[in-house]
$ cat final-v5.cif   # mmCIF, C-alpha atoms and all ligand atoms
data_structure
loop_
_atom_site.label_atom_id
_atom_site.label_comp_id
_atom_site.auth_asym_id
_atom_site.auth_seq_id
_atom_site.Cartn_x
_atom_site.Cartn_y
_atom_site.Cartn_z
CA MET A 221 0.00 0.00 0.00
CA PRO A 222 1.58 3.34 -0.96
CA VAL A 223 2.08 5.78 1.90
CA SER A 224 0.01 8.90 1.29
CA ARG A 225 1.97 11.88 2.61
CA ILE A 226 0.64 15.45 2.67
CA ARG A 227 3.41 18.02 2.97
CA GLN A 228 3.20 21.60 4.14
CA LEU A 229 6.00 24.11 3.50
CA GLY A 230 8.24 21.17 2.59
CA LEU A 231 8.78 20.68 6.33
CA VAL A 232 5.75 19.19 8.02
CA ASN A 233 3.92 15.96 7.20
CA ALA A 234 0.48 14.50 7.67
CA TYR A 235 -0.61 11.12 6.31
CA LEU A 236 -3.79 9.52 5.01
CA VAL A 237 -4.14 5.83 5.84
CA GLN A 238 -6.70 3.79 3.91
CA GLU A 239 -9.18 1.61 5.76
CA ASP A 240 -12.31 -0.24 4.67
CA ASP A 241 -14.54 2.47 6.13
CA GLY A 242 -12.58 5.50 4.87
CA LEU A 243 -9.38 7.29 5.74
CA THR A 244 -7.47 7.91 8.93
CA LEU A 245 -5.65 11.22 8.92
CA VAL A 246 -2.46 11.07 10.98
CA ASP A 247 -1.75 14.60 12.24
CA ALA A 248 -3.17 17.95 11.19
CA LEU A 249 -0.20 20.11 10.11
CA LEU A 250 0.06 23.85 10.81
CA PRO A 251 -2.94 26.19 10.59
CA GLY A 252 -4.30 26.72 7.08
CA ALA A 253 -3.78 23.20 5.74
CA GLN A 254 -7.39 21.98 5.92
CA LYS A 255 -8.10 22.55 2.21
CA LYS A 256 -4.97 20.72 1.18
CA ILE A 257 -5.84 17.79 3.45
CA LEU A 258 -9.46 17.58 2.26
CA ALA A 259 -8.31 17.78 -1.37
CA ALA A 260 -5.87 14.92 -0.80
CA ALA A 261 -8.69 12.78 0.60
CA GLU A 262 -10.85 13.67 -2.39
CA THR A 263 -8.09 12.57 -4.76
CA ILE A 264 -7.98 9.19 -3.02
CA GLY A 265 -11.77 9.12 -3.24
CA ALA A 266 -12.64 8.31 0.37
CA PRO A 267 -13.84 10.32 3.36
CA ILE A 268 -11.69 11.10 6.39
CA VAL A 269 -13.41 9.19 9.19
CA ARG A 270 -10.71 9.61 11.88
CA VAL A 271 -8.16 12.22 12.81
CA ALA A 272 -5.41 10.58 14.87
CA LEU A 273 -2.92 13.01 16.41
CA THR A 274 0.57 11.86 17.42
CA HIS A 275 1.17 14.76 19.81
CA ALA A 276 -0.05 18.22 20.74
CA HIS A 277 2.63 20.43 19.15
CA GLY A 278 1.23 23.21 16.95
CA ASP A 279 2.66 21.81 13.70
CA HIS A 280 0.70 18.58 14.24
CA ILE A 281 -2.65 19.96 15.43
CA GLY A 282 -2.71 23.34 13.63
CA SER A 283 -5.58 22.66 11.25
CA LEU A 284 -7.55 20.48 13.67
CA ASP A 285 -10.32 22.96 14.50
CA LYS A 286 -11.02 23.79 10.84
CA LEU A 287 -10.92 20.11 9.90
CA ALA A 288 -13.24 19.12 12.72
CA ALA A 289 -15.69 21.78 11.54
CA ALA A 290 -15.54 20.39 8.00
CA LEU A 291 -15.77 16.77 9.20
CA PRO A 292 -18.32 16.82 12.02
CA ASP A 293 -18.68 13.02 12.07
CA ALA A 294 -14.97 12.21 12.17
CA GLU A 295 -13.45 10.76 15.33
CA VAL A 296 -10.69 12.87 16.90
CA LEU A 297 -8.06 10.84 18.75
CA ILE A 298 -4.96 11.73 20.78
CA SER A 299 -3.19 10.12 23.72
CA THR A 300 -4.79 10.59 27.11
CA ARG A 301 -1.65 12.45 28.26
CA ASP A 302 -1.39 14.87 25.32
CA ALA A 303 -5.16 15.46 25.42
CA ARG A 304 -4.39 17.62 28.47
CA LEU A 305 -1.94 19.66 26.41
CA LEU A 306 -4.52 19.95 23.64
CA ALA A 307 -6.74 21.49 26.32
CA LYS A 308 -3.85 23.86 27.29
CA ASP A 309 -3.22 22.12 30.61
CA LYS A 310 0.55 22.01 31.21
CA SER A 311 0.48 20.47 34.67
CA LEU A 312 2.70 17.43 35.18
CA ASP A 313 1.50 13.96 36.06
CA PRO A 314 2.75 12.64 39.42
CA GLY A 315 6.18 11.04 39.00
CA GLU A 316 6.75 12.50 35.56
CA PRO A 317 10.27 13.79 34.73
CA GLN A 318 10.74 17.54 34.98
CA GLY A 319 10.82 18.11 31.24
CA LYS A 320 10.89 21.52 29.60
CA TRP A 321 7.92 22.91 27.68
CA ARG A 322 9.70 23.48 24.38
CA GLY A 323 8.00 23.99 21.07
CA ASN A 324 4.58 25.43 20.56
CA TYR A 325 1.52 24.09 22.43
CA PRO A 326 -1.29 26.28 21.10
CA GLY A 327 -4.09 23.92 22.15
CA ALA A 328 -7.32 23.58 20.20
CA ASN A 329 -11.01 24.11 20.80
CA THR A 330 -11.80 20.66 19.43
CA LYS A 331 -12.18 18.01 22.09
CA PRO A 332 -11.06 14.46 21.35
CA THR A 333 -13.93 12.03 20.84
CA ALA A 334 -11.78 9.39 22.59
CA THR A 335 -8.25 9.20 23.97
CA LEU A 336 -5.60 6.60 23.24
CA ALA A 337 -3.05 4.54 25.14
CA ALA A 338 -0.43 2.02 24.06
CA GLY A 339 -2.08 -1.21 22.96
CA ASP A 340 -5.13 0.49 21.48
CA ARG A 341 -6.04 0.26 17.81
CA VAL A 342 -7.04 3.02 15.42
CA GLY A 343 -8.55 1.20 12.48
CA SER A 344 -5.73 -1.15 11.48
CA LEU A 345 -3.08 0.93 13.23
CA GLU A 346 -1.47 -0.21 16.47
CA VAL A 347 -0.86 2.54 19.03
CA HIS A 348 2.65 2.58 20.51
CA ALA A 349 3.88 4.85 23.29
CA ALA A 350 6.62 7.24 22.17
CA PRO A 351 6.95 9.77 25.01
CA GLY A 352 9.82 12.21 25.39
CA HIS A 353 9.38 14.63 22.50
CA THR A 354 6.13 15.44 24.31
CA PRO A 355 4.98 13.65 27.48
CA GLY A 356 2.30 11.67 25.66
CA GLN A 357 3.52 11.31 22.10
CA ILE A 358 2.33 8.14 20.36
CA ALA A 359 3.35 6.39 17.16
CA PHE A 360 1.19 4.24 14.88
CA LEU A 361 2.33 0.96 13.31
CA ASP A 362 0.41 -0.39 10.33
CA PRO A 363 0.82 -4.16 10.63
CA ARG A 364 -0.49 -4.60 7.07
CA ASP A 365 2.71 -3.25 5.55
CA GLY A 366 5.07 -2.44 8.44
CA THR A 367 4.82 1.33 8.07
CA LEU A 368 5.67 3.12 11.31
CA TYR A 369 4.11 6.57 11.58
CA CYS A 370 6.75 7.58 14.09
CA ALA A 371 5.65 11.18 14.78
CA ASP A 372 8.62 13.21 16.00
CA ALA A 373 10.34 10.27 17.68
CA TYR A 374 12.49 10.30 14.54
CA SER A 375 12.91 12.94 11.88
CA THR A 376 14.36 12.15 8.45
CA LEU A 377 15.16 15.66 7.21
CA GLY A 378 18.92 15.67 6.61
CA GLY A 379 19.00 11.95 7.48
CA VAL A 380 17.35 9.74 10.09
CA ALA A 381 17.75 11.23 13.56
CA THR A 382 16.07 10.87 16.92
CA THR A 383 14.80 14.05 18.57
CA ALA A 384 16.48 13.31 21.92
CA LYS A 385 18.70 16.32 21.26
CA PRO A 386 18.95 18.79 18.36
CA TYR A 387 20.44 17.15 15.27
CA ALA A 388 22.95 19.39 13.46
CA ARG A 389 21.40 18.93 9.99
CA PHE A 390 17.81 19.61 11.10
CA PRO A 391 17.68 20.69 14.74
CA LEU A 392 14.09 21.94 14.96
CA PRO A 393 12.32 18.82 16.28
CA GLY A 394 15.12 18.23 18.78
CA PHE A 395 14.81 21.80 20.04
CA ALA A 396 11.12 21.14 20.69
CA THR A 397 11.72 17.99 22.78
CA TRP A 398 10.33 17.95 26.29
CA HIS A 399 12.65 15.33 27.87
CA GLY A 400 15.64 14.00 25.90
CA PRO A 401 16.46 10.80 27.83
CA THR A 402 12.83 9.67 27.59
CA ALA A 403 12.84 10.50 23.86
CA LEU A 404 15.92 8.34 23.33
CA GLU A 405 14.32 5.46 25.23
CA SER A 406 11.25 5.75 22.98
CA ALA A 407 13.42 5.78 19.85
CA ARG A 408 14.95 2.51 21.06
CA ALA A 409 11.53 1.00 21.80
CA LEU A 410 10.23 1.89 18.33
CA ARG A 411 13.35 0.35 16.75
CA THR A 412 12.39 -3.01 18.29
CA LEU A 413 9.22 -2.94 16.18
CA ASP A 414 11.53 -3.44 13.17
CA PRO A 415 9.46 -1.24 10.82
CA ALA A 416 9.58 -1.78 7.06
CA ARG A 417 9.33 1.98 6.55
CA LEU A 418 9.48 5.11 8.61
CA ALA A 419 6.88 7.82 8.02
CA PRO A 420 7.93 10.76 10.21
CA GLY A 421 6.44 14.12 11.10
CA HIS A 422 9.31 15.86 9.35
CA GLY A 423 11.17 14.58 6.29
CA LYS A 424 10.68 11.96 3.63
CA VAL A 425 9.43 8.41 4.05
CA VAL A 426 12.40 6.08 4.50
CA GLU A 427 12.27 2.44 3.35
CA ALA A 428 14.07 -0.30 5.33
CA PRO A 429 15.15 2.22 8.00
CA GLY A 430 16.63 -0.24 10.55
CA ALA A 431 20.34 0.49 10.04
CA GLU A 432 19.75 4.25 9.94
CA MET A 433 17.64 4.06 13.11
CA ASP A 434 20.49 2.15 14.78
CA ARG A 435 22.99 4.83 13.80
CA ALA A 436 20.68 7.58 15.02
CA ILE A 437 20.23 5.85 18.38
CA ALA A 438 24.00 5.30 18.72
CA ARG A 439 24.59 9.00 18.01
CA GLY A 440 21.96 9.90 20.58
CA ALA A 441 20.17 12.27 18.18
ZN ZN B 501 6.71 17.95 17.70
#
$ encode --input "final-v5.cif" --output "structure tokens"
Amino acid sequence: MPVSRIRQLGLVNAYLVQEDDGLTLVDALLPGAQKKILAAAETIGAPIVRVALTHAHGDHIGSLDKLAAALPDAEVLISTRDARLLAKDKSLDPGEPQGKWRGNYPGANTKPTATLAAGDRVGSLEVHAAPGHTPGQIAFLDPRDGTLYCADAYSTLGGVATTAKPYARFPLPGFATWHGPTALESARALRTLDPARLAPGHGKVVEAPGAEMDRAIARGA
């Protein structure tokens, strides 16, 4: 199944995942992308029935409110932890590391229709925990073809990198990371899924990414 990537400004990605009942949109780009996203769904010829958000940063939820208005029947899904950030609540959970609120958390007026935790399913997609970049970031693995929608656990702009710390060739996602050591742990955990392809929030889709993920983990970024 080809990966359907929607790009904004050449920097930010969203994805449309085909299911029997329609499309799952993974992430909602920056503000102003709703027309582009709806047009991409129209080209595929199926309705968006779910909006699944990997984390609450502004370049992943930016067009959510406009999309939700255009798609009143679509489910809106985000992790239970980042749902609090979507509601502009930056309080920490008990026992959570003292991360730093980096990056933009603009929140949204749209409320999730349900929240997600590791082990849940979104259509065919498996939900995997990927905290660190944000406290409740999640990744989605499509077991039908091994595509890992890895959110900002890895970026591939300038090469495959984790976001545990800023990567020299494309430092932005690393600068936005909440807690680096947790992000590196998540990068390791996602590597054990042995994905056939990596579909990140930033950068191109990378086929057979295992060796590059290993190098990125070894480098620590
Ligand atoms: Zn991010």
$ residues_near_ligand --input "final-v5.cif" --ligand "ligand ZN 501 (chain B)" --cutoff "10 Å" --atoms "all atoms listed in the file" --output "mmCIF file with C-alpha atoms, in the coordinates of the input"
data_model
loop_
_atom_site.group_PDB
_atom_site.id
_atom_site.type_symbol
_atom_site.label_atom_id
_atom_site.label_comp_id
_atom_site.auth_asym_id
_atom_site.auth_seq_id
_atom_site.Cartn_x
_atom_site.Cartn_y
_atom_site.Cartn_z
ATOM 1 C CA VAL A 232 5.750 19.190 8.020
ATOM 2 C CA THR A 274 0.570 11.860 17.420
ATOM 3 C CA HIS A 275 1.170 14.760 19.810
ATOM 4 C CA ALA A 276 -0.050 18.220 20.740
ATOM 5 C CA HIS A 277 2.630 20.430 19.150
ATOM 6 C CA GLY A 278 1.230 23.210 16.950
ATOM 7 C CA ASP A 279 2.660 21.810 13.700
ATOM 8 C CA HIS A 280 0.700 18.580 14.240
ATOM 9 C CA ILE A 281 -2.650 19.960 15.430
ATOM 10 C CA ARG A 322 9.700 23.480 24.380
ATOM 11 C CA GLY A 323 8.000 23.990 21.070
ATOM 12 C CA ASN A 324 4.580 25.430 20.560
ATOM 13 C CA TYR A 325 1.520 24.090 22.430
ATOM 14 C CA HIS A 353 9.380 14.630 22.500
ATOM 15 C CA THR A 354 6.130 15.440 24.310
ATOM 16 C CA GLN A 357 3.520 11.310 22.100
ATOM 17 C CA ALA A 371 5.650 11.180 14.780
ATOM 18 C CA ASP A 372 8.620 13.210 16.000
ATOM 19 C CA ALA A 373 10.340 10.270 17.680
ATOM 20 C CA SER A 375 12.910 12.940 11.880
ATOM 21 C CA THR A 383 14.800 14.050 18.570
ATOM 22 C CA LEU A 392 14.090 21.940 14.960
ATOM 23 C CA PRO A 393 12.320 18.820 16.280
ATOM 24 C CA GLY A 394 15.120 18.230 18.780
ATOM 25 C CA PHE A 395 14.810 21.800 20.040
ATOM 26 C CA ALA A 396 11.120 21.140 20.690
ATOM 27 C CA THR A 397 11.720 17.990 22.780
ATOM 28 C CA TRP A 398 10.330 17.950 26.290
ATOM 29 C CA GLY A 421 6.440 14.120 11.100
ATOM 30 C CA HIS A 422 9.310 15.860 9.350
#
$ residues_around --input "final-v5.cif" --residues "Asp313 (chain A)" --least-positions-apart "3" --cutoff "10 Å" --atoms "only C-alpha atoms" --output "list in words"
Arg301, Lys310, Glu316, Pro317, Gln318 and Pro355 of chain A
$ residues_around --input "final-v5.cif" --residues "Tyr369 (chain A)" --least-positions-apart "2" --cutoff "10 Å" --atoms "all atoms listed in the file" --output "ChimeraX atom specification"
/A:223,234-235,246-247,274,345,347-348,358-362,366-367,371-374,415,417-421,425
$ residues_around --input "final-v5.cif" --residues "Val380 (chain A)" --least-positions-apart "3" --cutoff "9 Å" --atoms "all atoms listed in the file" --output "NGL selection string"
:A and (374-377 or 423 or 426 or 429 or 432-433 or 435-436 or 441)
$ write_last_selection --input "final-v5.cif" --atoms "C-alpha atoms" --output "PDB file, in the frame of the given file"
ATOM      1  CA  TYR A 374      12.490  10.300  14.540  1.00  0.00           C
ATOM      2  CA  SER A 375      12.910  12.940  11.880  1.00  0.00           C
ATOM      3  CA  THR A 376      14.360  12.150   8.450  1.00  0.00           C
ATOM      4  CA  LEU A 377      15.160  15.660   7.210  1.00  0.00           C
ATOM      5  CA  GLY A 423      11.170  14.580   6.290  1.00  0.00           C
ATOM      6  CA  VAL A 426      12.400   6.080   4.500  1.00  0.00           C
ATOM      7  CA  PRO A 429      15.150   2.220   8.000  1.00  0.00           C
ATOM      8  CA  GLU A 432      19.750   4.250   9.940  1.00  0.00           C
ATOM      9  CA  MET A 433      17.640   4.060  13.110  1.00  0.00           C
ATOM     10  CA  ARG A 435      22.990   4.830  13.800  1.00  0.00           C
ATOM     11  CA  ALA A 436      20.680   7.580  15.020  1.00  0.00           C
ATOM     12  CA  ALA A 441      20.170  12.270  18.180  1.00  0.00           C
TER      13      ALA A 441
END
$ atom_distance --input "final-v5.cif" --atom1 "CA of Pro332 (chain A)" --atom2 "CA of Glu295 (chain A)"
7.5 Å
$ atom_distance --input "final-v5.cif" --atom1 "CA of Ser311 (chain A)" --atom2 "CA of Thr402 (chain A)"
17.9 Å
$ atom_distance --input "final-v5.cif" --atom1 "CA of Ala403 (chain A)" --atom2 "CA of Thr333 (chain A)"
27.0 Å
$ closest_residue --input "final-v5.cif" --among "A:Pro363, A:Gly356, A:Pro351, A:Pro267" --to "Ala409 (chain A)" --atoms "all atoms listed in the file"
A:Pro351
$ closest_residue --input "final-v5.cif" --among "A:Val237, A:Leu273, A:Ile257, A:Ala350" --to "Ser406 (chain A)" --atoms "all atoms listed in the file"
A:Ala350
$ axis_aligned_box --input "final-v5.cif" --around "region 284-301 of chain A" --padding-each-side "6 Å" --output "JSON"
{"center_x": -10.2, "center_y": 17.0, "center_z": 18.1, "size_x": 29.0, "size_y": 25.7, "size_z": 32.3}
$ residues_around --input "final-v5.cif" --residues "Leu229 (chain A)" --least-positions-apart "3" --cutoff "10 Å" --atoms "only C-alpha atoms" --output "PDB file with C-alpha atoms, in the coordinates of the input"
ATOM      1  CA  VAL A 232       5.750  19.190   8.020  1.00  0.00           C
ATOM      2  CA  ASN A 233       3.920  15.960   7.200  1.00  0.00           C
ATOM      3  CA  LEU A 249      -0.200  20.110  10.110  1.00  0.00           C
ATOM      4  CA  LEU A 250       0.060  23.850  10.810  1.00  0.00           C
TER       5      LEU A 250
END
$ closest_residue --input "final-v5.cif" --among "A:Met221, A:Leu231, A:Ala261, A:Ala289" --to "Lys424 (chain A)" --atoms "all atoms listed in the file"
A:Leu231
$ residues_around --input "final-v5.cif" --residues "region 326-330 of chain A" --least-positions-apart "5" --cutoff "6 Å" --atoms "only C-alpha atoms" --output "ChimeraX atom specification"
/A:278,285,306-308
$ closest_residue --input "final-v5.cif" --among "A:Ala294, A:Lys255, A:Lys385, A:Gly315" --to "Arg270 (chain A)" --atoms "all atoms listed in the file"
A:Ala294
$ closest_residue --input "final-v5.cif" --among "A:Gly343, A:Cys370, A:Ala416, A:Lys320" --to "Gly400 (chain A)" --atoms "only C-alpha atoms"
A:Lys320
